[in-house]
file run-v9.cif (mmCIF, C-alpha atoms)
data_start
loop_
_atom_site.label_atom_id
_atom_site.label_comp_id
_atom_site.auth_asym_id
_atom_site.auth_seq_id
_atom_site.Cartn_x
_atom_site.Cartn_y
_atom_site.Cartn_z
CA MET A 240 168.18 177.13 155.62
CA THR A 241 166.17 180.29 155.04
CA GLN A 242 163.29 180.57 152.61
CA ALA A 243 165.31 182.96 150.44
CA ALA A 244 167.97 180.33 149.75
CA PRO A 245 165.80 178.09 147.51
CA ALA A 246 164.71 181.15 145.51
CA LEU A 247 168.33 182.19 144.99
CA VAL A 248 169.24 178.69 143.87
CA ALA A 249 166.32 178.63 141.40
CA GLU A 250 167.24 182.07 140.08
CA ALA A 251 170.85 181.01 139.58
CA VAL A 252 169.73 177.89 137.73
CA TYR A 253 167.31 179.74 135.44
CA GLU A 254 169.80 182.50 134.63
CA ASN A 255 171.87 179.87 132.80
CA TYR A 256 169.19 179.64 130.10
CA PHE A 257 170.01 182.99 128.52
CA THR A 258 173.03 182.51 126.33
CA ALA A 259 172.51 180.76 123.00
CA GLU A 260 175.08 178.14 123.93
CA GLU A 261 173.41 177.47 127.26
CA ALA A 262 169.76 177.58 126.15
CA SER A 263 170.33 174.90 123.53
CA ARG A 264 171.41 172.49 126.28
CA PHE A 265 167.93 172.52 127.78
CA SER A 266 164.83 170.64 126.70
CA ALA A 267 161.61 172.36 125.69
CA ALA A 268 160.06 171.29 129.01
CA GLU A 269 162.97 172.79 130.98
CA ILE A 270 162.69 176.06 129.05
CA ARG A 271 158.94 176.09 129.74
CA GLN A 272 159.66 175.68 133.45
CA ALA A 273 162.13 178.55 133.34
CA ILE A 274 159.59 180.75 131.56
CA ALA A 275 156.99 179.93 134.22
CA TYR A 276 159.54 180.71 136.93
CA TRP A 277 160.35 184.15 135.49
CA VAL A 278 156.67 184.99 134.97
CA GLY A 279 156.12 184.09 138.63
CA GLN A 280 158.96 186.43 139.58
CA GLY A 281 157.43 189.24 137.55
CA ARG A 282 160.34 189.25 135.13
CA MET A 283 158.42 189.38 131.87
CA ASP A 284 161.51 190.62 130.04
CA LEU A 285 163.31 187.38 130.84
CA ALA A 286 160.22 185.27 130.14
CA ASP A 287 159.82 186.97 126.75
CA ALA A 288 163.46 186.32 125.89
CA LEU A 289 163.07 182.65 126.78
CA VAL A 290 159.87 182.35 124.74
CA ALA A 291 161.76 183.69 121.71
CA ALA A 292 164.68 181.33 122.35
CA GLY A 293 162.33 178.40 122.93
CA ILE A 294 160.42 179.01 119.70
CA SER A 295 163.71 179.31 117.83
CA LEU A 296 165.05 176.06 119.29
CA TYR A 297 161.79 174.08 119.43
CA PRO A 298 159.35 175.54 116.87
CA ASP A 299 157.08 172.48 117.04
CA SER A 300 157.06 172.02 120.82
CA GLU A 301 153.61 172.04 122.37
CA ASP A 302 155.23 173.09 125.68
CA ILE A 303 156.87 176.16 124.16
CA LEU A 304 153.96 177.14 121.92
CA ALA A 305 151.43 176.83 124.76
CA ILE A 306 153.42 178.90 127.23
CA GLY A 307 154.38 181.33 124.45
CA THR A 308 150.68 181.87 123.82
CA LEU A 309 150.01 182.49 127.51
CA VAL A 310 152.93 184.90 127.93
CA ALA A 311 151.85 186.84 124.83
CA GLU A 312 148.30 187.00 126.21
CA VAL A 313 149.58 188.38 129.52
CA ASN A 314 151.54 190.99 127.54
CA GLN A 315 148.48 191.65 125.38
CA ASP A 316 150.64 191.00 122.32
CA TRP A 317 147.71 189.62 120.37
CA ALA A 318 149.60 189.16 117.11
CA LEU A 319 152.26 186.98 118.77
CA ALA A 320 149.62 185.16 120.81
CA GLN A 321 147.70 184.30 117.65
CA GLU A 322 150.86 183.21 115.86
CA CYS A 323 151.79 180.90 118.76
CA VAL A 324 148.33 179.39 119.22
CA GLU A 325 147.86 178.81 115.48
CA SER A 326 151.23 177.03 115.41
CA LEU A 327 150.14 175.01 118.43
CA MET A 328 146.93 174.03 116.64
CA GLU A 329 148.95 172.92 113.61
CA VAL A 330 151.15 170.75 115.83
CA GLN A 331 148.14 169.29 117.66
CA GLY A 332 146.19 168.73 114.45
CA MET A 333 143.00 166.78 115.01
CA THR A 334 143.87 166.43 118.70
CA ALA A 335 143.69 170.18 119.38
CA THR A 336 142.03 170.61 122.75
CA ALA A 337 138.99 172.68 123.61
CA GLU A 338 141.29 174.98 125.61
CA THR A 339 143.50 175.56 122.57
CA TRP A 340 140.44 176.44 120.50
CA TYR A 341 139.22 178.71 123.30
CA HIS A 342 142.50 180.62 123.42
CA LEU A 343 142.53 181.08 119.64
CA ILE A 344 138.99 182.44 119.68
CA ARG A 345 139.65 184.68 122.68
CA ILE A 346 142.74 186.11 121.02
CA MET A 347 140.81 186.81 117.81
CA ARG A 348 138.11 188.53 119.83
CA CYS A 349 140.72 190.65 121.63
CA ARG A 350 142.13 191.64 118.24
CA GLY A 351 138.65 192.76 117.17
CA ALA A 352 138.36 190.00 114.55
CA TYR A 353 134.80 189.17 115.60
CA TYR A 354 133.70 187.51 112.37
CA ASN A 355 136.72 185.17 112.26
CA ALA A 356 136.37 184.44 115.96
CA PHE A 357 132.68 183.65 115.44
CA ARG A 358 133.48 181.29 112.54
CA HIS A 359 136.07 179.49 114.67
CA VAL A 360 133.82 179.22 117.72
CA GLN A 361 131.14 177.65 115.52
CA LYS A 362 133.64 174.97 114.47
CA ALA A 363 134.85 174.49 118.03
CA ILE A 364 131.42 173.92 119.55
CA ARG A 365 130.68 171.31 116.88
CA ILE A 366 133.75 169.44 118.13
CA PHE A 367 133.24 170.21 121.84
CA PRO A 368 129.50 170.80 122.28
CA ALA A 369 129.58 170.44 126.07
CA HIS A 370 132.47 172.86 126.69
CA GLU A 371 130.86 175.62 128.73
CA ALA A 372 133.45 178.34 128.04
CA LEU A 373 133.14 177.78 124.28
CA ARG A 374 129.37 177.93 124.51
CA GLU A 375 129.57 181.21 126.45
CA MET A 376 132.05 182.59 123.93
CA HIS A 377 129.65 181.61 121.13
CA GLU A 378 126.85 183.59 122.77
CA GLN A 379 129.10 186.61 123.31
CA LEU A 380 130.41 186.58 119.75
CA ALA A 381 126.93 186.09 118.27
CA ALA A 382 125.86 189.24 120.11
CA LEU A 383 128.96 191.14 118.93
CA VAL A 384 128.47 190.07 115.33
CA GLU A 385 124.83 191.11 115.48
CA ALA A 386 125.62 194.43 117.19
CA ALA A 387 128.40 195.45 114.80
CA PRO A 388 127.16 194.40 111.34
CA VAL A 389 129.12 197.03 109.39
CA GLU A 390 132.49 196.12 110.91
CA VAL A 391 131.74 192.41 110.64
CA GLU A 392 130.68 192.72 107.01
CA ALA A 393 133.97 194.46 106.18
CA GLU A 394 135.93 191.80 108.06
CA SER A 395 134.09 188.94 106.37
CA LYS A 396 134.85 190.40 102.93
CA ALA A 397 138.53 190.70 103.86
CA ALA A 398 138.67 187.10 105.14
#
call {"tool": "encode", "arguments": {"input": "run-v9.cif", "output": "structure tokens"}}
result
Amino acid sequence: MTQAAPALVAEAVYENYFTAEEASRFSAAEIRQAIAYWVGQGRMDLADALVAAGISLYPDSEDILAIGTLVAEVNQDWALAQECVESLMEVQGMTATAETWYHLIRIMRCRGAYYNAFRHVQKAIRIFPAHEALREMHEQLAALVEAAPVEVEAESKAA
């Protein structure tokens, strides 16, 4: 069997996820796998469609919300990324991971919401004081908040 054959089989399997009738037959984990497959194939259009279907079918699925966040980050759709990661944090509650916090803060920073990102990173490092990426993000955001006091002051008043 050639190497192309397994790829064609996988593509045929994952194409079945696209109709509403078909997508609802699959679990959140299976939809997540299909999204990962299409991202790996460079088919962001199909991955985006599956994220939307997955969120519609499984709005409280950690699998769907996590991969939805990542796909939105790749697309630099910061509003959708923040929506997904905030929903993920609601689902995770007190068990939200350091990585989930990190993604939320990174997304806020990418949106230019430095003050809110700084407030969140302060909370996160109280929960995860040894998490190196959060500590680095704290340093970066502290510098940004200090360097842009006018913008930060406006943002803090709006918050």
call {"tool": "resolve_selection", "arguments": {"input": "run-v9.cif", "expression": "the PyMOL selection byres ((chain A and resi 271-276) around 6)", "output": "ChimeraX atom specification"}}
result
/A:253,268-270,277-279,286,303
call {"tool": "atom_distance", "arguments": {"input": "run-v9.cif", "atom1": "CA of Ala363 in chain A", "atom2": "CA of Met376 in chain A"}}
result
10.4 Å
call {"tool": "residues_around", "arguments": {"input": "run-v9.cif", "residues": "Ser326 in chain A", "least_positions_apart": "3", "cutoff": "12 Å", "atoms": "only C-alpha atoms", "output": "PyMOL selection string"}}
result
chain A and resi 294+297-305+307-308+319-323+329-332+335+339-340+343
call {"tool": "closest_residue", "arguments": {"input": "run-v9.cif", "among": "A:Val313, A:Leu327, A:Leu380, A:Ala369", "to": "Ala352 in chain A", "atoms": "only C-alpha atoms"}}
result
A:Leu380
call {"tool": "axis_aligned_box", "arguments": {"input": "run-v9.cif", "around": "range 336-345 of chain A", "padding_each_side": "8 Å", "output": "lines of an AutoDock Vina configuration file"}}
result
center_x = 141.2
center_y = 177.6
center_z = 122.6
size_x = 20.5
size_y = 30.1
size_z = 22.0
call {"tool": "resolve_selection", "arguments": {"input": "run-v9.cif", "expression": "the PyMOL selection byres ((chain A and resi 364) around 10)", "output": "list in words"}}
result
Ala337, Trp340, Tyr341, His359, Val360, Gln361, Lys362, Ala363, Arg365, Ile366, Phe367, Pro368, Ala369, His370, Glu371, Ala372, Leu373, Arg374, Met376 and His377 of chain A
call {"tool": "atom_distance", "arguments": {"input": "run-v9.cif", "atom1": "CA of Arg350 in chain A", "atom2": "CA of Ala382 in chain A"}}
result
16.6 Å
call {"tool": "atom_distance", "arguments": {"input": "run-v9.cif", "atom1": "CA of Ala387 in chain A", "atom2": "CA of Ala356 in chain A"}}
result
13.6 Å
call {"tool": "closest_residue", "arguments": {"input": "run-v9.cif", "among": "A:Ile344, A:Ala311, A:Ala386, A:Ala318", "to": "Asp284 in chain A", "atoms": "all atoms listed in the file"}}
result
A:Ala311
